[in-house]
Each structure stands twice: as C-alpha cells, then as structure tokens.
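Trainee: Structure incoming, see below.
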Amino acid sequence: MSTDVQDFIAEVLKRWPPPRTWSEEQEDAWSDDVIAEFSSEKKPIFDQALSVLKRQTRQYSGTPRIEDVIKAVNQAVKEVG
C-alpha cells in the first residue's frame, strides 16, 4: 500500500472531516475505496489533486464523495501530465 495515497487521504480528511455520524467502519471504507482506486499514483498527483479539490465548487462542505476524489485525481493527472 502506498504511503502517498495514505498521506493524501489524511490531508483530505484534515480539511473535510467525516461527519460525526460516520462510524469508524464508514471512515475506513471511504479510505479503503480511495486506496483501491489510486494506490499506484505518486505524491505530485496527490498534491495537485488536493489543489483541485480546494478549487472545486461543491454544494456541500463535508468529506468529498469518492466520485469527487476520482474527478480531482483524474484532473490532476491531466494537469501534471
């Protein structure tokens, strides 16, 4: 498992913490989904993806949905090249 993706998850959750209604199991499932999707990416992509997430206009302020994270990482891949 990539430390880069774990660091990315920590940075996302630091900025947009899970709702208090999430159980530890739900938070772990969210993290596991992100890890499964992006474990092969590297730090520069995650740094850019975090920037993309910060720029996104979302209709809610909570933890980004997996779909939002996928879009941000895909956009970061395009931007980083």
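Order determines the names: the first chain of the structure tokens is A, the second B, and so forth; residues in each chain are numbered 1 upward, and ligands are numbered 1 upward as they are shown.
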Please tabulate, as a Markdown table, the residues of range 42-75 of chain A that come within 9 Å of range 13-33 of chain A, each with its closest pair of atoms and the distance in Å to one decimal, counting only C-alpha atoms and ordering rows by chain, then residue number upward.
Mentor:
```
| residue | atom | partner | partner_atom | distance |
| --- | --- | --- | --- | --- |
| A:Ser61 | CA | A:Trp16 | CA | 7.1 |
| A:Gly62 | CA | A:Trp16 | CA | 5.5 |
| A:Thr63 | CA | A:Trp16 | CA | 4.7 |
| A:Pro64 | CA | A:Trp16 | CA | 7.2 |
| A:Arg65 | CA | A:Trp30 | CA | 8.5 |
| A:Ile66 | CA | A:Trp30 | CA | 7.3 |
```
Trainee: Keeping only N, CA and C atoms, write the selected residues as a compact mmCIF listing (two decimals), in the first residue's frame.
Mentor:
```txt
# COMPACT_ATOMS: atom_id res chain seq x y z
N SER A 61 -20.17 20.96 2.20
CA SER A 61 -18.83 21.21 2.72
C SER A 61 -18.20 20.00 3.38
N GLY A 62 -18.88 18.88 3.38
CA GLY A 62 -18.37 17.69 4.05
C GLY A 62 -17.30 16.97 3.26
N THR A 63 -16.99 15.78 3.72
CA THR A 63 -15.98 14.94 3.08
C THR A 63 -16.36 14.73 1.62
N PRO A 64 -15.40 14.93 0.71
CA PRO A 64 -15.71 14.73 -0.71
C PRO A 64 -16.15 13.29 -0.97
N ARG A 65 -17.13 13.15 -1.83
CA ARG A 65 -17.56 11.82 -2.24
C ARG A 65 -16.44 11.18 -3.04
N ILE A 66 -16.45 9.87 -3.08
CA ILE A 66 -15.44 9.14 -3.86
C ILE A 66 -15.44 9.65 -5.29
```
Trainee: Need to verify the contact set: Phe46 in chain A, 12 Å, only C-alpha atoms, exclusion of same-chain residues closer than 6 positions in sequence. Can you return it as a PyMOL selection string?
Mentor: chain A and resi 2-12+34-35+38-40+52-53+69-70+72-77+79-80
Trainee: I'd like the neighbourhood of Gln56 in chain A as a PDB file with all heavy atoms, in the first residue's frame, where a residue qualifies if any of its atoms comes within 10 Å (using only C-alpha atoms), though same-chain residues fewer than 6 positions away should be ignored.
Mentor:
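part12.pdb, written as the output of this step:
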```pdb
ATOM      1  N   LEU A  50      -5.254  17.529  -4.443  1.00  0.00           N
ATOM      2  CA  LEU A  50      -5.700  18.301  -3.292  1.00  0.00           C
ATOM      3  C   LEU A  50      -5.996  19.738  -3.707  1.00  0.00           C
ATOM      4  O   LEU A  50      -7.006  20.324  -3.301  1.00  0.00           O
ATOM      5  CB  LEU A  50      -4.645  18.248  -2.187  1.00  0.00           C
ATOM      6  CG  LEU A  50      -5.049  18.785  -0.836  1.00  0.00           C
ATOM      7  CD1 LEU A  50      -6.264  18.053  -0.282  1.00  0.00           C
ATOM      8  CD2 LEU A  50      -3.880  18.675   0.134  1.00  0.00           C
ATOM      9  N   ASP A  68     -16.054  12.630  -6.347  1.00  0.00           N
ATOM     10  CA  ASP A  68     -15.340  13.910  -6.373  1.00  0.00           C
ATOM     11  C   ASP A  68     -13.828  13.695  -6.327  1.00  0.00           C
ATOM     12  O   ASP A  68     -13.067  14.392  -7.000  1.00  0.00           O
ATOM     13  CB  ASP A  68     -15.755  14.796  -5.195  1.00  0.00           C
ATOM     14  CG  ASP A  68     -17.219  15.202  -5.244  1.00  0.00           C
ATOM     15  OD1 ASP A  68     -17.756  15.351  -6.359  1.00  0.00           O
ATOM     16  OD2 ASP A  68     -17.812  15.368  -4.155  1.00  0.00           O
ATOM     17  N   LYS A  71     -12.634  12.420  -9.746  1.00  0.00           N
ATOM     18  CA  LYS A  71     -12.561  13.531 -10.690  1.00  0.00           C
ATOM     19  C   LYS A  71     -11.331  14.399 -10.419  1.00  0.00           C
ATOM     20  O   LYS A  71     -10.642  14.828 -11.349  1.00  0.00           O
ATOM     21  CB  LYS A  71     -13.833  14.384 -10.619  1.00  0.00           C
ATOM     22  CG  LYS A  71     -15.038  13.732 -11.240  1.00  0.00           C
ATOM     23  CD  LYS A  71     -16.263  14.635 -11.106  1.00  0.00           C
ATOM     24  CE  LYS A  71     -17.509  13.957 -11.664  1.00  0.00           C
ATOM     25  NZ  LYS A  71     -18.702  14.794 -11.494  1.00  0.00           N
ATOM     26  N   ALA A  72     -11.059  14.665  -9.148  1.00  0.00           N
ATOM     27  CA  ALA A  72      -9.918  15.510  -8.795  1.00  0.00           C
ATOM     28  C   ALA A  72      -8.599  14.842  -9.180  1.00  0.00           C
ATOM     29  O   ALA A  72      -7.706  15.493  -9.731  1.00  0.00           O
ATOM     30  CB  ALA A  72      -9.937  15.824  -7.299  1.00  0.00           C
TER      31      ALA A  72
END
```
Trainee: At what distance in Å, to one decimal, does CA of Lys42 in chain A lie from CA of Tyr60 in chain A?
Mentor: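 Distance between the two atoms: 27.8 Å.
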Trainee: Could you give me, as a VMD selection string, each residue of chain A that DSSP assigns to alpha helix (DSSP H) when run on this structure's backbone?
Mentor: chain A and resid 3 to 15 24 to 38 43 to 55 66 to 80
